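J.: Have a look at the structure that comes next, please.
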Amino acid sequence: MRSLLRRRTRLVDLTNRPTAETPAFGAYLYLRDVALLTRRLLWVDAERNRLHAP
């Protein structure tokens, strides 16, 4: 869990976010990484709180 939180912190850090000069594919990869990490964190939270997916 801590490694996921460290990765989240690195991803949302302002110095790592895409800028206007970032190529489209670089921005796509960033957004894909954010989406995958969010999905994992939601899964961990659901497991911890015994929530069921619809």
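Going by the structure tokens order, chains are called A, B, ..., each with residues numbered from 1, while ligands are numbered from 1 in the order shown.
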Find the residues around Ala27 in chain A up to 9 Å (only C-alpha atoms counted), leave out those fewer than 5 positions away in its own chain, and share them as a list in words.
T.: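 My list of contacting residues is Arg17, Pro18, Thr19, Thr22 and Arg32 of chain A.
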J.: Can you list, as a PyMOL selection string, all residues belonging to chain A that DSSP tags as helix (DSSP H, G or I)?
T.: chain A and resi 2-12+14-16+24-48
J.: As an exercise, work out the distance from CA of Asp33 in chain A to CA of Arg7 in chain A in Å and give it to one decimal place.
T.: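 These two atoms are separated by 9.8 Å.
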J.: List the neighbours of Val44 in chain A out to 9 Å using only C-alpha atoms; skip same-chain residues closer than 5 positions along the sequence, and give me the result as a PyMOL selection string.
T.: chain A and resi 1+39+49
J.: I'd like the neighbourhood of Leu11 in chain A as JSON, numbers by chain, where a residue qualifies if any of its atoms comes within 10 Å (using only C-alpha atoms), though same-chain residues fewer than 6 positions away should be ignored.
T.: {"A": [5, 17, 30, 31, 33, 34, 37]}
J.: Could you write those residues out with N, CA, C and O atoms, as a CSV table (one decimal), in the first residue's frame?
T.:
chain,number,residue,atom,x,y,z
A,5,LEU,N,1.0,4.5,-2.6
A,5,LEU,CA,0.9,5.9,-2.2
A,5,LEU,C,2.1,6.8,-2.6
A,5,LEU,O,1.9,7.9,-3.0
A,17,ARG,N,4.0,16.4,-14.0
A,17,ARG,CA,2.8,16.5,-14.8
A,17,ARG,C,3.2,17.0,-16.2
A,17,ARG,O,4.2,17.7,-16.4
A,30,TYR,N,0.9,9.6,-19.3
A,30,TYR,CA,0.7,10.1,-17.9
A,30,TYR,C,-0.7,9.8,-17.5
A,30,TYR,O,-0.9,9.3,-16.4
A,31,LEU,N,-1.7,10.1,-18.3
A,31,LEU,CA,-3.1,9.9,-17.9
A,31,LEU,C,-3.4,8.4,-17.7
A,31,LEU,O,-4.2,8.1,-16.9
A,33,ASP,N,-1.3,6.2,-16.7
A,33,ASP,CA,-0.7,5.8,-15.4
A,33,ASP,C,-1.6,6.2,-14.3
A,33,ASP,O,-1.7,5.5,-13.3
A,34,VAL,N,-2.1,7.5,-14.3
A,34,VAL,CA,-2.9,8.0,-13.3
A,34,VAL,C,-4.2,7.1,-13.2
A,34,VAL,O,-4.6,6.8,-12.1
A,37,LEU,N,-3.4,3.6,-11.6
A,37,LEU,CA,-3.1,3.8,-10.2
A,37,LEU,C,-4.4,4.0,-9.4
A,37,LEU,O,-4.6,3.5,-8.3
